[in-house]
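File shown here: input_37.cif, holding mmCIF, C-alpha atoms and all ligand atoms.
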```
data_start
loop_
_atom_site.label_atom_id
_atom_site.label_comp_id
_atom_site.auth_asym_id
_atom_site.auth_seq_id
_atom_site.Cartn_x
_atom_site.Cartn_y
_atom_site.Cartn_z
CA MET S 107 0.00 0.00 0.00
CA ARG S 108 2.83 2.40 0.83
CA PRO S 109 4.04 2.83 -2.77
CA ASN S 110 0.55 4.11 -3.71
CA TRP S 111 0.79 6.86 -1.14
CA VAL S 112 4.08 7.92 -2.59
CA ILE S 113 2.57 8.06 -6.07
CA LEU S 114 -0.50 9.96 -4.90
CA ILE S 115 1.47 12.50 -2.92
CA ALA S 116 3.99 12.95 -5.71
CA SER S 117 1.16 13.49 -8.22
CA GLY S 118 -0.46 15.98 -5.89
CA PHE S 119 2.63 18.17 -5.80
CA ALA S 120 2.24 18.80 -9.51
CA CYS S 121 -0.91 20.73 -8.63
CA ALA S 122 0.33 22.22 -5.36
CA THR S 123 -1.39 25.11 -3.63
CA SER S 124 -1.11 26.34 -0.06
CA ALA S 125 -2.89 24.55 2.79
CA ASP S 126 -5.52 26.44 4.84
CA ASP S 127 -3.19 26.89 7.77
CA PRO S 128 0.37 25.94 6.83
CA MET S 129 1.48 26.14 10.49
CA GLU S 130 -0.98 23.51 11.64
CA VAL S 131 0.40 20.00 12.07
CA PRO S 132 -1.50 17.78 9.65
CA GLN S 133 -3.32 14.84 11.20
CA SER S 134 -3.18 12.81 8.01
CA PRO S 135 -1.32 13.11 4.70
CA ILE S 136 -2.48 16.14 2.73
CA LEU S 137 -2.96 16.12 -1.02
CA TYR S 138 -2.36 19.69 -2.09
CA ARG S 139 -4.65 20.58 -4.92
CA ALA S 140 -5.02 23.61 -7.16
CA PRO S 141 -8.43 24.56 -8.59
CA ASP S 142 -7.52 23.25 -12.04
CA CYS S 143 -6.47 19.83 -10.73
CA PRO S 144 -8.59 16.86 -11.67
CA ALA S 145 -11.00 15.84 -8.91
CA ALA S 146 -9.37 12.47 -8.51
CA ILE S 147 -5.70 11.79 -8.95
CA ARG S 148 -5.19 8.26 -10.07
CA ALA S 149 -2.09 6.21 -9.68
CA PRO S 150 -0.68 5.46 -13.11
CA VAL S 151 -1.79 2.10 -14.50
CA ALA S 152 1.07 -0.37 -14.55
CA ARG S 153 2.53 -0.79 -18.01
CA PRO S 154 1.94 -4.31 -19.35
CA LEU S 155 5.03 -6.47 -19.54
CA ALA S 156 7.04 -5.80 -22.67
CA ARG S 157 6.39 -8.39 -25.35
CA LEU S 158 9.80 -9.62 -26.23
CA GLY S 159 10.19 -10.38 -29.89
CA LYS S 160 12.53 -13.09 -31.13
CA ARG S 161 15.28 -10.51 -31.54
CA LYS S 162 15.35 -9.79 -27.81
CA ARG S 163 17.52 -12.51 -26.37
CA PHE S 164 19.71 -12.10 -23.34
CA ARG S 165 22.28 -14.34 -21.75
CA THR S 166 20.08 -15.68 -19.02
CA PHE S 167 20.15 -18.39 -16.40
CA VAL S 168 17.06 -19.09 -14.35
CA SER S 169 15.98 -21.68 -11.82
CA GLY S 170 12.72 -23.28 -11.02
CA THR S 171 11.62 -23.21 -7.39
CA VAL S 172 14.64 -23.41 -5.09
CA PRO S 173 14.03 -23.55 -1.33
CA GLY S 174 16.52 -22.76 1.41
CA ALA S 175 19.50 -20.46 1.70
CA LEU S 176 20.91 -19.12 -1.53
CA ALA S 177 23.63 -16.70 -2.67
CA LEU S 178 24.01 -15.26 -6.13
CA THR S 179 26.85 -12.95 -7.15
CA HIS S 180 28.05 -11.09 -10.23
CA GLY S 181 31.35 -9.80 -11.52
CA GLY S 182 30.00 -6.85 -13.47
CA ALA S 183 28.43 -6.13 -16.82
CA ALA S 184 30.67 -7.32 -19.65
CA SER S 185 32.94 -9.29 -17.30
CA ARG S 186 34.13 -12.43 -19.05
CA PRO S 187 32.53 -15.74 -17.99
CA GLU S 188 36.08 -17.15 -17.62
CA LEU S 189 36.30 -15.02 -14.47
CA SER S 190 33.34 -16.82 -12.90
CA ASN S 191 35.54 -18.57 -10.33
CA GLY S 192 35.71 -15.17 -8.55
CA PRO S 193 31.96 -14.70 -8.11
CA GLN S 194 31.67 -18.45 -7.40
CA SER S 195 34.11 -18.23 -4.46
CA ALA S 196 32.14 -15.24 -3.19
CA ALA S 197 28.86 -17.15 -3.43
CA ASN S 198 30.43 -20.13 -1.66
CA ARG S 199 31.63 -17.88 1.15
CA ALA S 200 28.14 -16.43 1.54
CA LEU S 201 26.50 -19.83 1.53
CA GLY S 202 28.91 -21.09 4.21
CA LEU S 203 27.74 -18.25 6.44
CA LEU S 204 24.07 -18.73 5.60
CA LEU S 205 24.33 -22.41 6.53
CA SER S 206 25.61 -21.34 9.96
CA ASP S 207 22.44 -19.26 10.24
CA ALA S 208 24.07 -15.91 9.46
CA PRO S 209 21.58 -13.27 8.32
CA ALA S 210 21.27 -12.49 4.60
CA LEU S 211 22.97 -9.10 4.96
CA GLU S 212 26.10 -10.46 6.61
CA ALA S 213 26.43 -13.13 3.92
CA ALA S 214 25.99 -10.61 1.09
CA ILE S 215 28.59 -8.29 2.65
CA GLU S 216 31.16 -11.08 3.06
CA ALA S 217 30.58 -12.23 -0.53
CA THR S 218 31.22 -8.67 -1.66
CA VAL S 219 34.40 -8.48 0.42
CA VAL S 220 35.70 -11.60 -1.37
CA LEU S 221 35.17 -9.83 -4.70
CA GLU S 222 36.58 -6.52 -3.45
CA ASP S 223 39.74 -8.41 -2.48
CA ASP S 224 40.02 -10.01 -5.92
CA PRO S 225 42.07 -7.61 -8.10
CA ARG S 226 40.40 -8.86 -11.28
CA PHE S 227 37.21 -6.98 -10.42
CA ASN S 228 36.50 -3.28 -10.44
CA ALA S 229 35.84 -2.89 -6.72
CA GLY S 230 38.08 -2.47 -3.68
CA THR S 231 41.57 -3.78 -4.52
CA GLY S 232 40.88 -3.89 -8.27
CA ALA S 233 39.00 -0.57 -8.44
CA ASN S 234 39.53 1.47 -11.57
CA ILE S 235 42.17 4.16 -11.57
CA ARG S 236 40.41 7.25 -12.88
CA LEU S 237 41.28 9.34 -15.90
CA ASP S 238 43.88 11.39 -14.06
CA GLY S 239 45.96 8.23 -13.68
CA ALA S 240 46.21 8.85 -9.94
CA THR S 241 42.96 8.73 -8.00
CA ILE S 242 40.62 5.88 -7.10
CA GLN S 243 37.10 6.61 -5.87
CA MET S 244 34.60 3.91 -5.02
CA ASP S 245 30.89 3.52 -4.32
CA ALA S 246 29.17 0.76 -2.34
CA SER S 247 25.68 0.13 -1.07
CA LEU S 248 23.50 -2.38 0.70
CA MET S 249 19.82 -2.96 1.35
CA THR S 250 18.00 -5.36 3.63
CA GLN S 251 14.74 -7.24 3.83
CA ALA S 252 13.44 -4.51 6.15
CA GLY S 253 14.07 -1.87 3.47
CA GLU S 254 17.09 -0.35 5.26
CA PHE S 255 19.50 1.23 2.77
CA ALA S 256 23.05 2.50 3.35
CA ALA S 257 25.74 3.66 0.95
CA VAL S 258 29.05 5.42 0.46
CA ALA S 259 29.91 7.41 -2.66
CA ALA S 260 33.27 8.60 -3.99
CA ILE S 261 35.04 7.12 -0.99
CA GLU S 262 38.84 6.82 -1.13
CA ARG S 263 41.56 5.00 0.80
CA VAL S 264 39.57 2.03 2.06
CA LYS S 265 40.12 -1.52 0.93
CA ASN S 266 36.52 -2.65 1.46
CA PRO S 267 33.96 0.08 0.75
CA ILE S 268 31.11 -2.35 1.46
CA ARG S 269 32.26 -2.40 5.11
CA ALA S 270 32.05 1.41 5.13
CA ALA S 271 28.47 1.17 3.80
CA ARG S 272 27.71 -1.25 6.63
CA LEU S 273 28.99 1.34 9.14
CA VAL S 274 26.70 3.96 7.58
CA LEU S 275 23.78 1.66 8.37
CA ASP S 276 24.43 2.27 12.11
CA SER S 277 24.57 6.05 11.63
CA PRO S 278 21.62 8.45 11.33
CA HIS S 279 22.34 8.82 7.57
CA VAL S 280 21.79 6.71 4.50
CA LEU S 281 24.56 8.05 2.24
CA LEU S 282 27.99 9.53 3.00
CA ALA S 283 30.10 10.89 0.17
CA GLY S 284 33.65 12.01 -0.57
CA GLU S 285 36.15 13.04 2.10
CA GLY S 286 33.51 12.80 4.83
CA ALA S 287 32.83 9.18 3.94
CA THR S 288 36.56 8.42 3.92
CA ARG S 289 37.19 10.07 7.30
CA PHE S 290 34.09 8.37 8.76
CA ALA S 291 35.39 4.96 7.68
CA HIS S 292 38.87 5.61 9.11
CA ARG S 293 37.45 6.97 12.33
CA LEU S 294 35.45 3.78 12.78
CA GLY S 295 38.46 1.57 12.30
CA LEU S 296 38.81 0.77 8.61
CA PRO S 297 42.53 1.05 7.76
CA ASP S 298 43.71 4.03 5.70
CA GLU S 299 45.05 2.33 2.59
CA VAL S 300 44.86 2.94 -1.12
CA PRO S 301 43.36 -0.16 -2.71
CA THR S 302 45.53 -0.62 -5.72
CA SER S 303 46.89 -3.45 -7.77
CA THR S 304 49.11 -4.02 -10.75
CA HIS S 305 46.01 -5.29 -12.52
CA ALA S 306 44.29 -1.90 -12.13
CA ALA S 307 47.45 -0.13 -13.35
CA GLU S 308 47.58 -2.39 -16.42
CA LYS S 309 43.92 -1.75 -17.15
CA TYR S 310 44.56 1.99 -16.98
CA GLU S 311 47.36 1.69 -19.52
CA GLU S 312 45.13 -0.41 -21.79
CA ARG S 313 42.46 2.25 -21.67
CA LEU S 314 44.82 5.01 -22.60
CA ASN S 315 45.99 2.97 -25.56
CA GLU S 316 42.44 2.29 -26.58
CA LEU S 317 41.57 5.96 -26.32
CA GLY S 318 44.46 6.69 -28.59
CA GLU S 319 43.19 4.15 -31.13
CA ARG S 320 39.69 5.56 -31.07
CA SER S 321 40.91 9.08 -31.48
CA LYS S 322 42.60 7.86 -34.67
CA ASP S 323 39.62 6.02 -36.11
CA GLY S 324 37.16 8.83 -35.31
CA THR S 325 34.87 6.85 -32.99
CA LEU S 326 35.19 9.32 -30.13
CA ASP S 327 31.81 10.31 -28.75
CA PHE S 328 32.69 12.81 -26.01
CA ASP S 329 35.56 15.22 -25.66
CA TRP S 330 36.89 14.30 -22.25
CA ARG S 331 39.80 16.70 -22.62
CA ARG S 332 37.52 19.69 -23.04
CA TYR S 333 35.73 18.98 -19.75
CA TRP S 334 38.81 17.95 -17.76
CA ASN S 335 38.06 18.84 -14.10
CA TYR S 336 40.57 16.79 -12.12
CA GLU S 337 43.01 18.67 -9.94
CA GLY S 338 46.12 17.44 -11.73
CA GLU S 339 47.21 17.89 -15.33
CA MET S 340 45.66 15.66 -17.95
CA PRO S 341 47.95 12.70 -18.80
CA GLU S 342 49.59 13.32 -22.15
CA ALA S 343 48.41 10.06 -23.62
CA MET S 344 44.77 10.56 -22.63
CA LYS S 345 42.30 10.62 -25.50
CA HIS S 346 39.10 8.59 -25.37
CA TRP S 347 38.22 5.19 -24.17
CA ARG S 348 35.41 2.63 -24.10
CA GLU S 349 33.93 1.86 -20.69
CA HIS S 350 34.81 -1.24 -18.74
CA GLY S 351 32.36 -2.68 -16.26
CA ASP S 352 33.40 -4.98 -13.50
CA THR S 353 31.34 -3.83 -10.56
CA VAL S 354 30.55 -6.62 -8.10
CA GLY S 355 27.26 -7.50 -6.48
CA ALA S 356 25.50 -10.08 -4.36
CA VAL S 357 21.95 -11.05 -3.48
CA THR S 358 21.24 -13.51 -0.70
CA ARG S 359 18.36 -15.31 0.96
CA ASP S 360 18.91 -16.68 4.43
CA ARG S 361 17.35 -19.67 6.18
CA ASP S 362 14.58 -17.46 7.56
CA GLY S 363 13.71 -16.41 4.01
CA ALA S 364 15.04 -12.84 4.51
CA PHE S 365 16.76 -11.09 1.59
CA ALA S 366 19.68 -8.68 1.18
CA ALA S 367 21.54 -7.06 -1.70
CA THR S 368 25.00 -5.46 -1.91
CA LEU S 369 27.05 -3.66 -4.58
CA SER S 370 30.58 -2.29 -4.74
CA THR S 371 32.37 -0.52 -7.59
CA GLY S 372 35.32 1.56 -8.63
CA GLY S 373 32.89 3.25 -11.02
CA THR S 374 33.51 3.86 -14.66
CA SER S 375 36.99 5.28 -15.01
CA VAL S 376 36.35 7.52 -18.02
CA THR S 377 34.31 10.14 -16.24
CA LEU S 378 34.52 13.71 -15.09
CA ASP S 379 35.68 14.28 -11.54
CA GLY S 380 32.67 14.14 -9.22
CA ARG S 381 30.71 11.55 -11.20
CA VAL S 382 28.67 9.14 -9.09
CA GLY S 383 26.97 6.14 -10.67
CA ASP S 384 23.93 4.06 -9.80
CA VAL S 385 25.47 2.01 -7.00
CA PRO S 386 24.86 4.43 -4.08
CA VAL S 387 21.61 5.86 -5.50
CA TYR S 388 18.50 4.56 -3.74
CA GLY S 389 16.34 2.41 -6.00
CA ALA S 390 18.82 2.48 -8.89
CA GLY S 391 21.55 -0.16 -8.59
CA LEU S 392 20.04 -2.40 -5.95
CA PHE S 393 16.83 -3.04 -4.09
CA ALA S 394 15.66 -5.51 -1.46
CA GLY S 395 12.59 -6.11 0.64
CA PRO S 396 10.32 -8.88 1.87
CA TYR S 397 9.69 -10.13 -1.68
CA GLY S 398 13.26 -10.50 -2.88
CA ALA S 399 16.55 -8.82 -3.77
CA VAL S 400 17.91 -7.31 -6.98
CA ALA S 401 21.43 -6.13 -7.87
CA CYS S 402 22.38 -4.51 -11.18
CA THR S 403 25.51 -3.61 -13.07
CA GLY S 404 26.08 -1.67 -16.26
CA HIS S 405 25.65 1.87 -17.51
CA GLY S 406 25.06 3.77 -14.27
CA GLU S 407 23.46 6.87 -15.77
CA THR S 408 20.76 4.85 -17.55
CA ILE S 409 20.24 2.58 -14.55
CA ILE S 410 19.59 5.69 -12.43
CA ALA S 411 17.26 7.25 -15.00
CA ARG S 412 15.15 4.10 -15.17
CA GLY S 413 15.32 3.20 -11.48
CA VAL S 414 16.04 -0.32 -12.64
CA ALA S 415 16.45 -2.25 -9.37
CA ARG S 416 13.38 -0.76 -7.76
CA ARG S 417 11.35 -1.33 -10.90
CA VAL S 418 12.34 -4.99 -10.99
CA TYR S 419 11.60 -5.35 -7.28
CA GLU S 420 8.18 -3.75 -7.55
CA ALA S 421 7.28 -6.02 -10.45
CA LEU S 422 8.18 -9.13 -8.50
CA ALA S 423 6.45 -7.80 -5.37
CA SER S 424 3.28 -7.49 -7.42
CA GLY S 425 3.50 -11.14 -8.41
CA THR S 426 5.48 -11.05 -11.65
CA PRO S 427 7.82 -14.06 -11.86
CA VAL S 428 11.35 -12.90 -11.16
CA GLN S 429 12.65 -13.79 -14.62
CA ASP S 430 9.89 -11.82 -16.35
CA ALA S 431 10.51 -8.83 -14.08
CA VAL S 432 14.19 -8.87 -15.03
CA TYR S 433 13.43 -9.42 -18.71
CA GLU S 434 11.15 -6.41 -18.83
CA ALA S 435 13.93 -4.18 -17.48
CA LEU S 436 16.44 -5.61 -19.95
CA ALA S 437 14.11 -5.09 -22.89
CA ASP S 438 14.75 -1.34 -22.53
CA PHE S 439 18.54 -1.75 -22.81
CA PRO S 440 20.07 -2.39 -26.23
CA PRO S 441 23.44 -4.18 -25.93
CA ARG S 442 25.36 -0.94 -26.42
CA ILE S 443 23.90 0.21 -23.06
CA ALA S 444 25.15 -2.53 -20.78
CA LEU S 445 22.83 -3.96 -18.15
CA GLY S 446 23.28 -7.08 -16.07
CA VAL S 447 20.91 -8.11 -13.29
CA ILE S 448 20.94 -10.80 -10.61
CA ALA S 449 17.73 -11.26 -8.69
CA LEU S 450 16.05 -13.74 -6.43
CA ASP S 451 12.70 -14.02 -4.76
CA GLN S 452 11.04 -16.56 -2.51
CA PHE S 453 10.76 -19.05 -5.39
CA GLY S 454 13.84 -18.83 -7.57
CA TRP S 455 16.63 -16.79 -9.05
CA VAL S 456 17.73 -15.27 -12.34
CA VAL S 457 20.97 -14.01 -13.88
CA ALA S 458 20.51 -11.99 -17.06
CA SER S 459 22.67 -9.62 -19.05
CA ASN S 460 22.69 -8.02 -22.48
CA ASN S 461 26.47 -8.57 -22.53
CA GLU S 462 28.67 -11.27 -21.08
CA MET S 463 28.68 -11.45 -17.30
CA ALA S 464 30.57 -13.63 -14.84
CA TYR S 465 28.40 -14.85 -11.98
CA GLY S 466 28.40 -17.33 -9.11
CA LEU S 467 25.67 -19.29 -7.42
CA ALA S 468 25.62 -21.39 -4.26
CA ALA S 469 22.52 -22.82 -2.63
CA GLU S 470 21.49 -25.10 0.19
CA GLU S 471 19.33 -27.18 -2.16
CA ASP S 472 20.36 -28.56 -5.52
CA VAL S 473 20.93 -25.89 -8.15
CA SER S 474 23.16 -27.98 -10.36
CA PRO S 475 22.88 -27.31 -14.09
CA SER S 476 20.01 -29.79 -14.31
CA ALA S 477 17.97 -27.65 -11.94
CA ALA S 478 18.85 -24.47 -13.77
CA HIS S 479 18.53 -23.89 -17.48
CA GLN S 480 19.96 -21.38 -19.84
CA ARG S 481 17.44 -19.23 -21.64
CA GLU S 482 19.21 -17.56 -24.50
N1 LIG S 501 27.09 0.61 -12.65
C1 LIG S 501 28.45 1.01 -12.35
C2 LIG S 501 28.55 2.51 -12.40
O1 LIG S 501 27.98 3.11 -13.27
C3 LIG S 501 29.44 0.41 -13.28
C4 LIG S 501 29.28 -1.07 -13.52
O2 LIG S 501 28.31 -1.67 -13.14
O3 LIG S 501 30.18 -1.65 -14.12
O4 LIG S 501 29.26 3.08 -11.60
#
```
If you took the structure in this file and wrote it as structure tokens, what would it be?
Ligand code: ASP
Amino acid sequence: MRPNWVILIASGFACATSADDPMEVPQSPILYRAPDCPAAIRAPVARPLARLGKRKRFRTFVSGTVPGALALTHGGAASRPELSNGPQSAANRALGLLLSDAPALEAAIEATVVLEDDPRFNAGTGANIRLDGATIQMDASLMTQAGEFAAVAAIERVKNPIRAARLVLDSPHVLLAGEGATRFAHRLGLPDEVPTSTHAAEKYEERLNELGERSKDGTLDFDWRRYWNYEGEMPEAMKHWREHGDTVGAVTRDRDGAFAATLSTGGTSVTLDGRVGDVPVYGAGLFAGPYGAVACTGHGETIIARGVARRVYEALASGTPVQDAVYEALADFPPRIALGVIALDQFGWVVASNNEMAYGLAAEEDVSPSAAHQRE
């Protein structure tokens, strides 16, 4: 019922006028209404599920009904399936905890830590070095069955940003950003260390080379040099570059049937200074509640604009099978706009992506390939 209130109140603001006595404490929610407003404001009718033509095929893995504890992880949009042993170890770690009756959130966090510590992924230790060739900024978020959300954005000098997001959960805030987030994490005991790796340095070099190539073949689509807003000088070799995506994420269901979702990323490295993606934005990159958990990866700006994770969650909360809910979101993303989603509800799970995507799955009950099937 609560989402309807939000819709009604939001619609009412479009026709806002002043209340009779603005100083009086309202006894019930007020719908502000101007004289030219329609008498009744209706919640928008849900759009029917997109009919997916034959052309719309995504790399997808789905299960039938799977009871018990379950952990599902991803290694980021466009991450190569050969890297799946990373997300698989993370899922195994989460399942081990779930089988000792750990809550869903703890398991999702520990799975994310495994991936943050794996330099092959763009999070924590493997986080992208940004365009200036010097700085690393990361985002991480989490959400629980009870709808609690916590995030850090543009945090620096912590090895495990997901642990910083967990600390935010115990604070009065939902999102801490920049230097404040970094100092908060250090103050609460996370070591002050730059998470870097030779892998990230190599990836940075590759990108610069690629930018150089693209500047030659005329496929540049944005003049990063013109908008340069980092503190330091622009590296000489910097031209343009295609985005990499290797954010990590986890969704878990514990033995009590509670859900949690986590995400952690070094962000896209070809960005202006100050850019924040979907990961720490409420409703965008992840969502969880009593009906399930959803974690996305891909083009952050589009994921924010479409509120992808919340949209998928609301579809499955209204009874749409989890794979259809995910498919509907993906139908809006052509392959050039990367989107990968992992989701689970009380019945089953789905992994789907319009590009390649490494993922891992571990469950209390049998989810061997015979129980799952590829839908491509
Ligand atoms: N969604 C992330 C971001 O835009 C990147 C990714 O998933 O690879 O920051």
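Using all atoms listed in the file for every distance, the candidate list S:Pro440, S:Gly383, S:Gly355, S:Pro396 yields S:Gly383 as the residue closest to ligand LIG 501 (chain S).
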*Which chains and residue numbers are within 9 Å of ligand LIG 501 (chain S), counting all atoms listed in the file, if I want them as a PyMOL selection string?*
chain S and resi 181-185+228+244-245+349-355+369-375+381-386+391+402-410+444-446
*Pick the closest to Ala177 of chain S from S:Gly295, S:Gly232, S:Gly466, S:Pro267: which is it, counting all atoms listed in the file?*
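Among S:Gly295, S:Gly232, S:Gly466, S:Pro267, it is S:Gly466 that comes nearest to Ala177 of chain S.
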_For Leu204 of chain S, find every residue with an atom within 12 Å (counting all atoms listed in the file), except residues of its own chain fewer than 3 positions away, and show them as a PyMOL selection string._
chain S and resi 174-177+197-201+207-217+358-366+468-470
Include C-alpha atoms and write out the residues we just selected as a tab-separated table (two decimals), in the coordinates of the input.
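Contents of again_17.tsv, freshly written:
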```
chain	number	residue	atom	x	y	z
S	174	GLY	CA	16.52	-22.76	1.41
S	175	ALA	CA	19.50	-20.46	1.70
S	176	LEU	CA	20.91	-19.12	-1.53
S	177	ALA	CA	23.63	-16.70	-2.67
S	197	ALA	CA	28.86	-17.15	-3.43
S	198	ASN	CA	30.43	-20.13	-1.66
S	199	ARG	CA	31.63	-17.88	1.15
S	200	ALA	CA	28.14	-16.43	1.54
S	201	LEU	CA	26.50	-19.83	1.53
S	207	ASP	CA	22.44	-19.26	10.24
S	208	ALA	CA	24.07	-15.91	9.46
S	209	PRO	CA	21.58	-13.27	8.32
S	210	ALA	CA	21.27	-12.49	4.60
S	211	LEU	CA	22.97	-9.10	4.96
S	212	GLU	CA	26.10	-10.46	6.61
S	213	ALA	CA	26.43	-13.13	3.92
S	214	ALA	CA	25.99	-10.61	1.09
S	215	ILE	CA	28.59	-8.29	2.65
S	216	GLU	CA	31.16	-11.08	3.06
S	217	ALA	CA	30.58	-12.23	-0.53
S	358	THR	CA	21.24	-13.51	-0.70
S	359	ARG	CA	18.36	-15.31	0.96
S	360	ASP	CA	18.91	-16.68	4.43
S	361	ARG	CA	17.35	-19.67	6.18
S	362	ASP	CA	14.58	-17.46	7.56
S	363	GLY	CA	13.71	-16.41	4.01
S	364	ALA	CA	15.04	-12.84	4.51
S	365	PHE	CA	16.76	-11.09	1.59
S	366	ALA	CA	19.68	-8.68	1.18
S	468	ALA	CA	25.62	-21.39	-4.26
S	469	ALA	CA	22.52	-22.82	-2.63
S	470	GLU	CA	21.49	-25.10	0.19
```
_Please report the interatomic distance between atom CA of Ser247 of chain S and atom CA of Ala411 of chain S in Å with one decimal._
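Rounded to one decimal, the two atoms are 17.8 Å apart.
Atom to atom, atom CA of Pro441 of chain S and atom CA of Asn460 of chain S stand 5.2 Å apart.
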*Tyr433 of chain S surroundings by all atoms listed in the file, 8 Å radius, close-in-sequence under 4 positions cut, as a ChimeraX atom specification*: /S:429,437,458
Can you rebuild segment 227-240 of chain S with N, CA, C and O atoms and give it as a short mmCIF file (atom, residue, chain, number, x, y, z; two decimals), in the frame of the given file?
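For reference, part-v5.cif as written:
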```
data_model
loop_
_atom_site.label_atom_id
_atom_site.label_comp_id
_atom_site.auth_asym_id
_atom_site.auth_seq_id
_atom_site.Cartn_x
_atom_site.Cartn_y
_atom_site.Cartn_z
N PHE S 227 38.51 -7.66 -10.33
CA PHE S 227 37.21 -6.98 -10.42
C PHE S 227 37.32 -5.51 -10.01
O PHE S 227 38.13 -5.16 -9.16
N ASN S 228 36.45 -4.73 -10.63
CA ASN S 228 36.50 -3.28 -10.44
C ASN S 228 35.78 -2.88 -9.15
O ASN S 228 34.70 -2.28 -9.16
N ALA S 229 36.38 -3.23 -8.04
CA ALA S 229 35.84 -2.89 -6.72
C ALA S 229 36.96 -3.11 -5.73
O ALA S 229 37.77 -4.02 -5.91
N GLY S 230 37.04 -2.28 -4.69
CA GLY S 230 38.08 -2.47 -3.68
C GLY S 230 39.46 -2.54 -4.32
O GLY S 230 39.86 -1.66 -5.09
N THR S 231 40.18 -3.63 -4.05
CA THR S 231 41.57 -3.78 -4.52
C THR S 231 41.73 -3.59 -6.03
O THR S 231 42.74 -3.06 -6.48
N GLY S 232 40.75 -4.01 -6.81
CA GLY S 232 40.88 -3.89 -8.27
C GLY S 232 40.20 -2.66 -8.84
O GLY S 232 40.03 -2.55 -10.06
N ALA S 233 39.80 -1.72 -7.97
CA ALA S 233 39.00 -0.57 -8.44
C ALA S 233 39.74 0.23 -9.51
O ALA S 233 40.96 0.40 -9.45
N ASN S 234 38.97 0.70 -10.46
CA ASN S 234 39.53 1.47 -11.57
C ASN S 234 40.32 2.68 -11.10
O ASN S 234 39.87 3.42 -10.22
N ILE S 235 41.46 2.89 -11.73
CA ILE S 235 42.17 4.16 -11.57
C ILE S 235 41.47 5.14 -12.51
O ILE S 235 41.19 4.79 -13.67
N ARG S 236 41.20 6.34 -12.05
CA ARG S 236 40.41 7.25 -12.88
C ARG S 236 41.27 7.92 -13.95
O ARG S 236 42.47 7.69 -14.03
N LEU S 237 40.62 8.75 -14.72
CA LEU S 237 41.28 9.34 -15.90
C LEU S 237 42.57 10.08 -15.59
O LEU S 237 43.45 10.17 -16.44
N ASP S 238 42.68 10.63 -14.38
CA ASP S 238 43.88 11.39 -14.06
C ASP S 238 45.09 10.49 -13.83
O ASP S 238 46.20 10.96 -13.62
N GLY S 239 44.85 9.17 -13.85
CA GLY S 239 45.96 8.23 -13.68
C GLY S 239 46.43 8.15 -12.25
O GLY S 239 47.44 7.51 -11.96
N ALA S 240 45.73 8.79 -11.32
CA ALA S 240 46.21 8.85 -9.94
C ALA S 240 45.15 8.45 -8.93
O ALA S 240 45.44 7.71 -7.98
#
```
